[in-house]
Structures are given as structure tokens and as C-alpha cells.
file target-v6.txt (compact mmCIF, C-alpha atoms and all ligand atoms)
# COMPACT_ATOMS: atom_id res chain seq x y z
CA MET H 13 -13.35 -22.85 31.15
CA SER H 14 -11.48 -19.75 30.04
CA ARG H 15 -11.55 -18.88 26.35
CA PRO H 16 -8.52 -18.20 24.17
CA LYS H 17 -7.51 -14.56 23.98
CA VAL H 18 -7.02 -12.22 21.05
CA PHE H 19 -5.41 -8.80 21.15
CA VAL H 20 -6.78 -6.22 18.71
CA ALA H 21 -4.08 -3.62 18.06
CA MET H 22 -6.40 -0.88 16.78
CA ARG H 23 -9.77 0.74 17.49
CA HIS H 24 -12.62 1.36 15.04
CA VAL H 25 -12.61 -2.16 13.64
CA PRO H 26 -15.97 -2.68 11.88
CA GLU H 27 -18.51 -4.17 14.28
CA LEU H 28 -19.26 -7.22 12.15
CA ALA H 29 -15.64 -8.33 12.51
CA MET H 30 -15.52 -7.56 16.22
CA ASP H 31 -18.73 -9.58 16.73
CA LEU H 32 -17.13 -12.59 15.08
CA LEU H 33 -14.12 -12.34 17.39
CA HIS H 34 -16.22 -11.78 20.53
CA LYS H 35 -18.19 -14.96 19.84
CA ARG H 36 -15.09 -17.11 20.05
CA PHE H 37 -12.46 -15.23 22.05
CA ASP H 38 -11.84 -13.04 25.02
CA VAL H 39 -10.96 -9.92 23.10
CA GLU H 40 -8.60 -7.32 24.48
CA LEU H 41 -8.66 -3.96 22.69
CA CYS H 42 -5.77 -1.54 22.74
CA ASP H 43 -6.08 1.52 25.00
CA SER H 44 -6.09 4.20 22.32
CA VAL H 45 -6.70 4.42 18.56
CA GLN H 46 -3.66 2.34 17.70
CA ALA H 47 -1.51 0.17 19.96
CA THR H 48 2.05 1.28 20.50
CA ARG H 49 4.85 -1.24 20.35
CA ALA H 50 5.21 -1.01 24.15
CA GLU H 51 1.52 -1.72 24.67
CA ILE H 52 1.61 -4.74 22.37
CA LEU H 53 4.63 -6.17 24.17
CA GLN H 54 2.88 -5.64 27.47
CA LYS H 55 -0.41 -7.23 26.40
CA ILE H 56 0.63 -9.99 24.02
CA PRO H 57 1.79 -12.59 26.58
CA GLY H 58 -0.69 -15.47 26.68
CA LYS H 59 -2.64 -14.38 23.59
CA PHE H 60 -3.73 -16.90 20.97
CA GLY H 61 -3.82 -14.32 18.22
CA ILE H 62 -3.25 -10.71 17.31
CA PHE H 63 -5.35 -8.61 14.91
CA CYS H 64 -2.87 -6.10 13.49
CA SER H 65 -2.01 -3.88 10.55
CA PRO H 66 1.15 -2.92 8.63
CA VAL H 67 2.03 -0.35 11.30
CA ASN H 68 2.63 -3.16 13.80
CA LYS H 69 6.02 -4.80 13.38
CA ILE H 70 5.68 -8.51 14.03
CA ASP H 71 9.16 -9.78 14.82
CA GLU H 72 10.90 -12.39 16.91
CA GLU H 73 10.87 -10.24 20.04
CA LEU H 74 7.10 -9.90 19.86
CA ILE H 75 6.52 -13.59 19.11
CA LYS H 76 8.82 -14.66 21.95
CA THR H 77 7.12 -12.23 24.31
CA ALA H 78 3.73 -13.70 23.40
CA GLY H 79 4.95 -17.16 24.34
CA PRO H 80 3.73 -20.55 23.10
CA SER H 81 0.04 -19.58 23.24
CA LEU H 82 0.48 -17.43 20.10
CA LYS H 83 -0.79 -19.37 17.10
CA VAL H 84 -1.91 -16.75 14.61
CA VAL H 85 -1.24 -13.24 13.38
CA GLY H 86 -4.07 -11.71 11.36
CA THR H 87 -3.02 -8.63 9.42
CA ILE H 88 -5.66 -6.43 7.86
CA SER H 89 -3.60 -5.88 4.71
CA VAL H 90 -2.43 -7.55 1.55
CA GLY H 91 1.17 -6.51 2.29
CA TYR H 92 3.08 -8.39 4.95
CA ASP H 93 6.52 -6.83 4.82
CA HIS H 94 6.00 -5.87 8.50
CA VAL H 95 6.03 -9.55 9.48
CA ASP H 96 9.23 -11.53 10.01
CA LEU H 97 8.29 -14.76 8.24
CA ALA H 98 11.40 -16.61 9.42
CA ALA H 99 10.48 -15.91 13.05
CA MET H 100 6.85 -16.92 12.40
CA LYS H 101 8.05 -20.21 10.96
CA LYS H 102 10.51 -20.81 13.79
CA TYR H 103 7.78 -20.48 16.43
CA GLY H 104 5.02 -22.15 14.38
CA VAL H 105 2.81 -19.05 14.15
CA ARG H 106 0.51 -18.77 11.12
CA LEU H 107 -0.24 -15.61 9.16
CA GLY H 108 -3.58 -14.55 7.72
CA TYR H 109 -3.88 -11.60 5.33
CA THR H 110 -6.44 -9.98 3.02
CA PRO H 111 -5.51 -10.21 -0.68
CA ASP H 112 -8.00 -9.85 -3.58
CA ILE H 113 -10.67 -8.05 -1.52
CA LEU H 114 -8.90 -4.70 -1.92
CA THR H 115 -7.69 -5.06 -5.50
CA GLU H 116 -10.31 -2.86 -7.17
CA THR H 117 -10.31 -0.23 -4.44
CA VAL H 118 -6.52 0.18 -4.52
CA ALA H 119 -6.65 0.35 -8.33
CA GLU H 120 -9.31 3.07 -8.11
CA THR H 121 -7.14 5.04 -5.68
CA THR H 122 -4.19 4.69 -8.02
CA VAL H 123 -6.08 6.11 -10.97
CA GLY H 124 -7.35 8.97 -8.81
CA LEU H 125 -3.88 9.70 -7.50
CA LEU H 126 -2.40 9.61 -10.98
CA ILE H 127 -4.98 12.02 -12.39
CA SER H 128 -4.80 14.39 -9.43
CA THR H 129 -1.02 14.49 -9.64
CA THR H 130 -0.65 15.00 -13.39
CA ARG H 131 -3.62 17.40 -13.61
CA ARG H 132 -2.61 19.28 -10.46
CA PHE H 133 -5.98 18.98 -8.70
CA PHE H 134 -4.70 19.78 -5.21
CA GLU H 135 -2.57 22.69 -6.37
CA ALA H 136 -5.52 24.06 -8.33
CA ASN H 137 -7.87 23.58 -5.41
CA HIS H 138 -5.42 25.42 -3.15
CA ALA H 139 -5.17 28.25 -5.70
CA LEU H 140 -8.96 28.58 -5.72
CA LYS H 141 -9.19 28.67 -1.93
CA THR H 142 -6.42 31.23 -1.52
CA GLY H 143 -7.65 33.67 -4.14
CA GLU H 144 -4.90 32.91 -6.60
CA TRP H 145 -7.58 32.12 -9.23
CA LYS H 146 -8.08 35.48 -10.89
CA TYR H 147 -8.06 34.74 -14.64
CA LEU H 148 -8.41 31.75 -16.91
CA THR H 149 -5.38 31.94 -19.17
CA PRO H 150 -4.57 29.12 -21.61
CA VAL H 151 -1.82 27.32 -19.75
CA TRP H 152 -2.63 28.18 -16.14
CA MET H 153 -2.76 24.99 -14.01
CA CYS H 154 -2.21 22.77 -17.00
CA GLY H 155 -0.84 19.30 -16.53
CA ARG H 156 -0.14 16.47 -18.93
CA SER H 157 -2.84 14.22 -20.34
CA ILE H 158 -2.90 10.51 -19.73
CA ARG H 159 -4.32 9.98 -23.22
CA ASN H 160 -1.59 9.12 -25.77
CA SER H 161 0.96 8.60 -23.02
CA VAL H 162 3.21 5.66 -22.15
CA VAL H 163 2.17 4.14 -18.83
CA GLY H 164 4.56 1.81 -17.01
CA ILE H 165 3.36 -0.44 -14.21
CA VAL H 166 6.02 -1.91 -11.96
CA GLY H 167 4.64 -5.21 -10.65
CA CYS H 168 1.66 -6.63 -12.44
CA GLY H 169 -0.05 -8.77 -9.83
CA ASN H 170 -3.78 -8.49 -9.29
CA ILE H 171 -3.64 -4.80 -8.38
CA GLY H 172 -1.27 -3.90 -11.23
CA THR H 173 -3.46 -5.79 -13.69
CA SER H 174 -6.57 -3.98 -12.51
CA ILE H 175 -4.77 -0.62 -12.82
CA ALA H 176 -3.72 -1.63 -16.36
CA LYS H 177 -7.33 -2.44 -17.29
CA LYS H 178 -8.63 0.84 -15.91
CA LEU H 179 -5.94 2.99 -17.54
CA ASN H 180 -6.32 1.18 -20.84
CA THR H 181 -9.69 2.89 -21.21
CA PHE H 182 -7.86 6.25 -21.27
CA GLU H 183 -6.60 5.56 -24.82
CA ILE H 184 -2.95 5.45 -23.79
CA SER H 185 -0.37 4.91 -26.53
CA GLN H 186 1.59 2.12 -24.85
CA LEU H 187 1.33 0.03 -21.72
CA LEU H 188 4.58 -1.29 -20.27
CA TYR H 189 4.93 -3.55 -17.26
CA THR H 190 7.45 -5.49 -15.26
CA SER H 191 6.70 -8.87 -13.78
CA ARG H 192 8.47 -12.16 -13.13
CA THR H 193 6.31 -13.78 -15.80
CA GLU H 194 4.30 -12.57 -18.74
CA LYS H 195 0.70 -11.73 -17.76
CA PRO H 196 -1.80 -12.87 -20.40
CA ALA H 197 -4.47 -10.45 -19.18
CA VAL H 198 -2.09 -7.51 -19.55
CA LYS H 199 -0.70 -8.79 -22.83
CA ALA H 200 -4.27 -8.92 -24.14
CA LEU H 201 -4.50 -5.17 -23.49
CA GLY H 202 -1.38 -4.62 -25.57
CA GLY H 203 0.88 -4.52 -22.52
CA LYS H 204 4.57 -5.15 -23.18
CA LEU H 205 6.74 -6.93 -20.63
CA VAL H 206 9.99 -4.96 -20.23
CA THR H 207 12.85 -4.59 -17.79
CA ILE H 208 12.58 -2.05 -15.01
CA ASP H 209 15.21 0.13 -16.71
CA GLU H 210 13.36 0.10 -20.04
CA LEU H 211 10.17 0.97 -18.19
CA VAL H 212 11.61 3.97 -16.32
CA GLU H 213 13.30 5.30 -19.46
CA GLN H 214 10.23 5.05 -21.70
CA SER H 215 7.26 5.85 -19.46
CA ASP H 216 5.46 9.16 -19.02
CA PHE H 217 3.71 7.74 -15.97
CA ILE H 218 5.34 5.17 -13.69
CA ILE H 219 3.21 3.30 -11.19
CA LEU H 220 4.67 1.19 -8.41
CA SER H 221 2.33 -1.60 -7.39
CA VAL H 222 4.75 -4.22 -6.21
CA ALA H 223 5.30 -5.84 -2.80
CA LEU H 224 8.23 -4.62 -0.74
CA ASN H 225 10.92 -7.22 -0.18
CA GLU H 226 14.70 -7.51 -0.45
CA ASP H 227 14.52 -7.50 -4.27
CA THR H 228 12.28 -4.47 -4.56
CA LYS H 229 13.66 -2.22 -1.80
CA PHE H 230 14.72 1.09 -3.42
CA ILE H 231 13.68 -0.23 -6.84
CA ILE H 232 13.46 3.48 -7.65
CA ASN H 233 16.87 4.80 -6.72
CA GLU H 234 18.99 7.76 -7.79
CA GLU H 235 20.19 6.00 -10.93
CA ARG H 236 16.67 5.15 -12.12
CA LEU H 237 15.35 8.60 -11.25
CA ALA H 238 18.08 9.98 -13.50
CA LYS H 239 16.84 7.78 -16.35
CA MET H 240 13.25 9.06 -16.18
CA LYS H 241 11.82 11.56 -18.62
CA SER H 242 11.93 15.11 -17.29
CA HIS H 243 8.11 15.23 -17.25
CA ALA H 244 7.61 11.71 -15.87
CA VAL H 245 5.18 11.35 -12.97
CA LEU H 246 5.90 8.66 -10.38
CA VAL H 247 3.02 7.11 -8.44
CA ASN H 248 3.59 4.82 -5.47
CA ILE H 249 0.76 2.73 -4.12
CA GLY H 250 2.91 -0.12 -2.75
CA ARG H 251 5.21 0.72 0.13
CA GLY H 252 7.43 3.72 0.91
CA GLY H 253 10.53 1.52 0.93
CA LEU H 254 10.24 0.94 -2.84
CA ILE H 255 11.67 4.42 -3.36
CA ASP H 256 14.92 5.99 -2.14
CA GLN H 257 12.95 8.94 -0.80
CA ASP H 258 15.95 11.24 -0.31
CA ALA H 259 16.90 10.73 -3.96
CA LEU H 260 13.28 11.38 -4.98
CA ILE H 261 13.16 14.62 -2.98
CA LYS H 262 16.36 15.78 -4.69
CA ALA H 263 15.04 14.90 -8.16
CA LEU H 264 11.80 16.79 -7.45
CA GLN H 265 13.59 19.81 -5.99
CA GLU H 266 15.79 20.01 -9.08
CA ASN H 267 12.74 19.51 -11.39
CA ARG H 268 14.40 16.48 -12.94
CA ILE H 269 11.04 14.69 -13.02
CA GLY H 270 7.52 16.01 -13.43
CA GLY H 271 6.01 15.05 -10.11
CA ALA H 272 5.05 12.33 -7.68
CA GLY H 273 1.83 10.95 -6.26
CA LEU H 274 2.47 9.00 -3.09
CA ASP H 275 -0.03 7.01 -1.06
CA VAL H 276 2.86 5.45 0.86
CA MET H 277 6.06 7.01 2.12
CA THR H 278 8.84 6.76 4.68
CA PRO H 279 8.17 7.02 7.53
CA GLU H 280 4.42 6.89 8.05
CA PRO H 281 2.97 9.17 9.24
CA LEU H 282 5.23 11.53 7.29
CA PRO H 283 6.77 14.18 9.58
CA LEU H 284 5.35 17.62 8.85
CA ASP H 285 8.83 19.02 8.23
CA SER H 286 9.41 16.66 5.28
CA PRO H 287 10.30 18.69 2.16
CA LEU H 288 7.71 16.60 0.28
CA ILE H 289 4.88 18.36 2.09
CA LYS H 290 5.67 21.79 0.65
CA MET H 291 6.18 20.69 -2.95
CA ASN H 292 3.59 21.73 -5.50
CA ASN H 293 4.41 18.86 -7.83
CA VAL H 294 3.73 16.22 -5.16
CA VAL H 295 0.39 14.77 -4.08
CA LEU H 296 0.48 12.94 -0.76
CA LEU H 297 -2.22 10.67 0.60
CA PRO H 298 -2.08 9.11 4.08
CA HIS H 299 -1.97 5.44 2.98
CA ILE H 300 -5.65 5.23 2.02
CA GLY H 301 -5.30 2.90 -0.99
CA SER H 302 -7.87 0.39 0.28
CA ALA H 303 -9.90 2.85 2.35
CA SER H 304 -13.46 2.37 1.15
CA ILE H 305 -16.05 1.40 3.76
CA GLU H 306 -17.02 -1.74 1.86
CA THR H 307 -13.46 -2.92 1.32
CA ARG H 308 -12.22 -2.20 4.84
CA THR H 309 -15.28 -3.93 6.31
CA GLU H 310 -14.61 -7.01 4.22
CA MET H 311 -10.91 -6.90 5.08
CA ALA H 312 -11.74 -6.76 8.79
CA ILE H 313 -14.18 -9.67 8.52
CA THR H 314 -11.61 -11.76 6.63
CA THR H 315 -8.96 -10.95 9.24
CA ALA H 316 -11.30 -12.13 11.99
CA LYS H 317 -12.17 -15.27 10.02
CA ASN H 318 -8.48 -15.98 9.41
CA ILE H 319 -7.88 -15.93 13.17
CA ILE H 320 -10.96 -18.02 13.94
CA ALA H 321 -9.97 -20.64 11.33
CA VAL H 322 -6.81 -21.40 13.29
CA LEU H 323 -8.87 -21.97 16.43
CA ASP H 324 -11.22 -24.24 14.49
CA ASN H 325 -8.40 -26.01 12.71
CA THR H 326 -10.03 -25.29 9.35
CA PRO H 327 -8.34 -23.69 6.30
CA MET H 328 -7.91 -19.93 6.63
CA PRO H 329 -9.75 -17.86 4.02
CA ASN H 330 -6.38 -16.31 3.18
CA GLU H 331 -3.15 -17.67 4.59
CA VAL H 332 0.39 -16.61 3.69
CA GLN H 333 2.37 -19.73 2.87
CA PHE H 334 5.98 -19.71 4.02
C1 LIG H 401 -2.22 -3.27 2.30
O1 LIG H 401 -3.26 -3.92 2.39
O2 LIG H 401 -1.10 -3.79 2.34
C2 LIG H 401 -2.38 -1.81 2.18
O3 LIG H 401 -1.20 -1.15 1.98
C3 LIG H 401 -3.08 -1.27 3.40
O4 LIG H 401 -2.25 -1.33 4.46

call {"tool": "encode", "arguments": {"input": "target-v6.txt", "output": "C-alpha cells", "more": "lines below"}}
Ligand code: DGY
result
Amino acid sequence: MSRPKVFVAMRHVPELAMDLLHKRFDVELCDSVQATRAEILQKIPGKFGIFCSPVNKIDEELIKTAGPSLKVVGTISVGYDHVDLAAMKKYGVRLGYTPDILTETVAETTVGLLISTTRRFFEANHALKTGEWKYLTPVWMCGRSIRNSVVGIVGCGNIGTSIAKKLNTFEISQLLYTSRTEKPAVKALGGKLVTIDELVEQSDFIILSVALNEDTKFIINEERLAKMKSHAVLVNIGRGGLIDQDALIKALQENRIGGAGLDVMTPEPLPLDSPLIKMNNVVLLPHIGSASIETRTEMAITTAKNIIAVLDNTPMPNEVQF
């Protein structure tokens, strides 16, 4: 009897996760490192599940192309803004994702990105490598300290809360956050729940750690950029679509804010002719927030288990409810 089929839309998935899939499914791997849209549409018909990531748009066209065999989408991510939930519901396809596992790793990346942006690590490293380091004068390559600063976290879910805990050890003067509801764990650190406009006006460091949806798209727009302090540093660890990137580029070019640290941007990968790439006051990372070996291995295993749970008709380790 033939086994159900799963399409894996990327290469280099940790072996432990692939082994789990191979035990239960006929697994089809994409041809190159990452499946193109065309390849997915060509290979998805008749599949029971797809193992995908945020780069793979899961929409009605794809679900219809898969046909009635498609029962589950497993995304190796906490974010699922790339998935059309209405279409999933319409065709009865379930969605597995990987929350919690990556919380601490993304929070670690955020702290690293914040420090390297405000303290100009990459600019300084470049100066060293290109011979620009000739003297050690008092203000050369100085940035602003995190200590005694106001830190604002937009979106205080698990990741935002972990970032708050980590940054609280830096002896900051005030922690601000936005959230639908007050977060006792953040309040216990002295965190103050404020509106987004209060947060952008008052913060020295602004961290975006919120999911992208219709309410949060362009949450940082031209108007809010104009409200920021002239030395404010903006860090985005969520999704590129949270920021009106053209407005951000303009604000940075005109030195209206201090700088930006971006792990996510629009589009991804960022074209090499983007003005962001040449800016000294910008640190760019290629969406590596959760990229530790341990975390990505666990995320891959959970994604495989999410898919297998649908076959077994048992509860998924992590299912998006919609
Ligand atoms: C996530 O899990 O959503 C991260 O952004 C990695 O894609």
C-alpha cells in the first residue's frame, strides 16, 4: 500500500527531523536549497503535507493545486503571516508551527543586534579591517550606552518578555512596552504599559517583537519615525512589514534617528542595491533570529511531529487555532 506523501520545501533540514518524516511518509525533497514557488506548485498535487518556512507563501492557489489530499502545513517558524488562514480553513487544512522553542534564541539575537547597532560593532570592525584604525581618540567609534536608557518593546509576548528580562539586567532607567493586556512578568520588572505613540516618543531604544498582521503592518510609519528621539535606535526582530521601509530609509539618510538594527526587512533577501546596505548607522542580519543549531534542530523536529500528528489523528505539539 502506498504511503502518504510529504513535500519538504528546503534542504539541510536536521537529520533527526527528516528521519521522523521518512518513517511515516514518502518524502519528496525540493531540487535545490529552497523550493521556488513554481516547484512547489508542480510538486504539491497529491501531497498530504508540506514542510515549509516563512519564505513559502501558502495561499489558496497552492492549497487548491495540492487538492483534497493536503491535510497539513508545517511551518518551521513561530510567525505564520505567510499562510492564508481563511484559505486553510476553507479547505480544512491544519497548520503546525514552532512557538516557545525559539523564544530565548530570538531574545539573545535581539540583545546582540541592539548592542552591535548602538555600539557600532560592525562599523568598528570594518574600520579595523580597512586600516581606518590609526589612533584611539576619546569619541572615536562611540555609541550610546544601554545603561540608564529608556527601552521600549513593541509587543510583549513570550519573546518580548524574554527580551525585557535580559535587558533589565543592563540597569536601564525605564522599560516601556505595548501589549493588548498588561503583562505581570514585565510589570514585575518595572515595565510600564503605554501606547505605541508614547513608546516611540519616549524610548532611546525601540524593539519590534510583534507578529505581522493587518493591525501591525507599518506600525512604524513616517509619522511615528518623526516622533522618535533624534538618537533613537530601532531594532526589528519581527517581520519587515512592521516598518514602512522607504520612510525608515529617508529618516536614516536625513539622520533624524540614531540608527537601525534589522534582522528582518522587505524584501528578503534584501537586494544589494538597497540604500540600507551602505549605511553606517544600520546593522543588517539575514533573518537569523532563531538560528542556533539547538533551536533550529528542535524547530525542525517539532515541525515533523506536527505533520505526523495529523496522520496519527493525535493532538499536534503546536497547532495554530483559527
Ligand atoms: C519565525 O520563527 O517566525 C522566525 O522569524 C524565523 O522565520

call {"tool": "closest_residue", "arguments": {"input": "target-v6.txt", "among": "H:Tyr103, H:Tyr189, H:Phe19, H:Tyr109", "to": "ligand LIG 401 (chain H)", "atoms": "only C-alpha atoms and all ligand atoms"}}
result
H:Tyr109

call {"tool": "residues_near_ligand", "arguments": {"input": "target-v6.txt", "ligand": "ligand LIG 401 (chain H)", "cutoff": "6 Å", "atoms": "only C-alpha atoms and all ligand atoms", "output": "number ranges by chain"}}
result
H: 66, 89-91, 302

call {"tool": "residues_around", "arguments": {"input": "target-v6.txt", "residues": "region 259-273 of chain H", "least_positions_apart": "3", "cutoff": "10 Å", "atoms": "all atoms listed in the file", "output": "PyMOL selection string"}}
result
chain H and resi 122+124-130+132+155-156+216-219+230+232-249+255-256+276+286-288+291-297

call {"tool": "residues_near_point", "arguments": {"input": "target-v6.txt", "point": "(0.2, -2.0, -21.5)", "cutoff": "10 Å", "atoms": "all atoms listed in the file", "output": "PyMOL selection string"}}
result
chain H and resi 162-165+173+176-177+179-180+184-189+197-205

call {"tool": "atom_distance", "arguments": {"input": "target-v6.txt", "atom1": "CA of Ile75 (chain H)", "atom2": "CA of Gln46 (chain H)"}}
result
19.0 Å

call {"tool": "closest_atom_pairs", "arguments": {"input": "target-v6.txt", "of": "region 19-40 of chain H", "to": "region 67-72 of chain H", "cutoff": "12 Å", "atoms": "all atoms listed in the file", "output": "CSV"}}
result
residue,atom,partner,partner_atom,distance
H:Val20,CA,H:Asn68,CA,11.0
H:Ala21,CA,H:Asn68,CA,8.0
H:Met22,CA,H:Asn68,CA,9.8

call {"tool": "atom_distance", "arguments": {"input": "target-v6.txt", "atom1": "CA of Asp285 (chain H)", "atom2": "CA of Val45 (chain H)"}}
result
23.7 Å

call {"tool": "atom_distance", "arguments": {"input": "target-v6.txt", "atom1": "CA of Ile158 (chain H)", "atom2": "CA of Phe182 (chain H)"}}
result
6.7 Å

call {"tool": "closest_residue", "arguments": {"input": "target-v6.txt", "among": "H:Gln54, H:Thr110, H:Phe60, H:Met100", "to": "Arg308 (chain H)", "atoms": "all atoms listed in the file"}}
result
H:Thr110

call {"tool": "closest_residue", "arguments": {"input": "target-v6.txt", "among": "H:Met13, H:Pro57, H:Val18, H:Leu282", "to": "Met30 (chain H)", "atoms": "all atoms listed in the file"}}
result
H:Val18

call {"tool": "closest_residue", "arguments": {"input": "target-v6.txt", "among": "H:Ile231, H:Ile52, H:Ala139, H:Ile88", "to": "Ile113 (chain H)", "atoms": "all atoms listed in the file"}}
result
H:Ile88

call {"tool": "residues_around", "arguments": {"input": "target-v6.txt", "residues": "Met277 (chain H)", "least_positions_apart": "6", "cutoff": "9 Å", "atoms": "only C-alpha atoms", "output": "VMD selection string"}}
result
chain H and resid 248 251 to 255 257 296 298 to 299

call {"tool": "closest_residue", "arguments": {"input": "target-v6.txt", "among": "H:Ala136, H:Met311, H:Ile320, H:Leu53", "to": "Val85 (chain H)", "atoms": "only C-alpha atoms"}}
result
H:Ile320

call {"tool": "closest_residue", "arguments": {"input": "target-v6.txt", "among": "H:Arg23, H:Lys101, H:Lys83, H:Lys17", "to": "Ala312 (chain H)", "atoms": "all atoms listed in the file"}}
result
H:Arg23

call {"tool": "build_atoms", "arguments": {"input": "target-v6.txt", "residues": "region 306-329 of chain H", "atoms": "N, CA and C atoms", "output": "compact mmCIF listing (two decimals), in the coordinates of the input"}}
result
# COMPACT_ATOMS: atom_id res chain seq x y z
N GLU H 306 -16.70 -0.36 2.21
CA GLU H 306 -17.02 -1.74 1.86
C GLU H 306 -15.78 -2.63 1.94
N THR H 307 -14.68 -2.11 1.38
CA THR H 307 -13.46 -2.92 1.32
C THR H 307 -12.87 -3.13 2.72
N ARG H 308 -12.80 -2.05 3.49
CA ARG H 308 -12.22 -2.20 4.84
C ARG H 308 -13.09 -3.10 5.72
N THR H 309 -14.41 -3.04 5.52
CA THR H 309 -15.28 -3.93 6.31
C THR H 309 -14.99 -5.38 5.95
N GLU H 310 -14.88 -5.63 4.65
CA GLU H 310 -14.61 -7.01 4.22
C GLU H 310 -13.22 -7.47 4.67
N MET H 311 -12.27 -6.54 4.62
CA MET H 311 -10.91 -6.90 5.08
C MET H 311 -10.91 -7.25 6.57
N ALA H 312 -11.69 -6.50 7.35
CA ALA H 312 -11.74 -6.76 8.79
C ALA H 312 -12.40 -8.11 9.07
N ILE H 313 -13.48 -8.39 8.33
CA ILE H 313 -14.18 -9.67 8.52
C ILE H 313 -13.25 -10.83 8.15
N THR H 314 -12.54 -10.68 7.04
CA THR H 314 -11.61 -11.76 6.63
C THR H 314 -10.50 -11.95 7.67
N THR H 315 -10.02 -10.84 8.22
CA THR H 315 -8.96 -10.95 9.24
C THR H 315 -9.48 -11.72 10.45
N ALA H 316 -10.71 -11.40 10.86
CA ALA H 316 -11.30 -12.13 11.99
C ALA H 316 -11.47 -13.61 11.64
N LYS H 317 -11.96 -13.87 10.42
CA LYS H 317 -12.17 -15.27 10.02
C LYS H 317 -10.85 -16.03 9.92
N ASN H 318 -9.80 -15.33 9.48
CA ASN H 318 -8.48 -15.98 9.41
C ASN H 318 -8.06 -16.46 10.81
N ILE H 319 -8.29 -15.60 11.79
CA ILE H 319 -7.88 -15.93 13.17
C ILE H 319 -8.74 -17.08 13.71
N ILE H 320 -10.04 -16.99 13.45
CA ILE H 320 -10.96 -18.02 13.94
C ILE H 320 -10.65 -19.39 13.31
N ALA H 321 -10.25 -19.37 12.03
CA ALA H 321 -9.97 -20.64 11.33
C ALA H 321 -8.85 -21.41 12.03
N VAL H 322 -7.91 -20.70 12.60
CA VAL H 322 -6.81 -21.40 13.29
C VAL H 322 -7.35 -22.08 14.56
N LEU H 323 -8.25 -21.39 15.24
CA LEU H 323 -8.87 -21.97 16.43
C LEU H 323 -9.67 -23.22 16.05
N ASP H 324 -10.36 -23.14 14.93
CA ASP H 324 -11.22 -24.24 14.49
C ASP H 324 -10.47 -25.33 13.74
N ASN H 325 -9.19 -25.06 13.49
CA ASN H 325 -8.40 -26.01 12.71
C ASN H 325 -9.00 -26.27 11.33
N THR H 326 -9.51 -25.20 10.73
CA THR H 326 -10.03 -25.29 9.35
C THR H 326 -9.16 -24.39 8.48
N PRO H 327 -9.20 -24.55 7.14
CA PRO H 327 -8.34 -23.69 6.30
C PRO H 327 -8.70 -22.22 6.46
N MET H 328 -7.67 -21.38 6.54
CA MET H 328 -7.91 -19.93 6.63
C MET H 328 -8.45 -19.43 5.30
N PRO H 329 -9.34 -18.47 5.30
CA PRO H 329 -9.75 -17.86 4.02
C PRO H 329 -8.56 -17.38 3.21
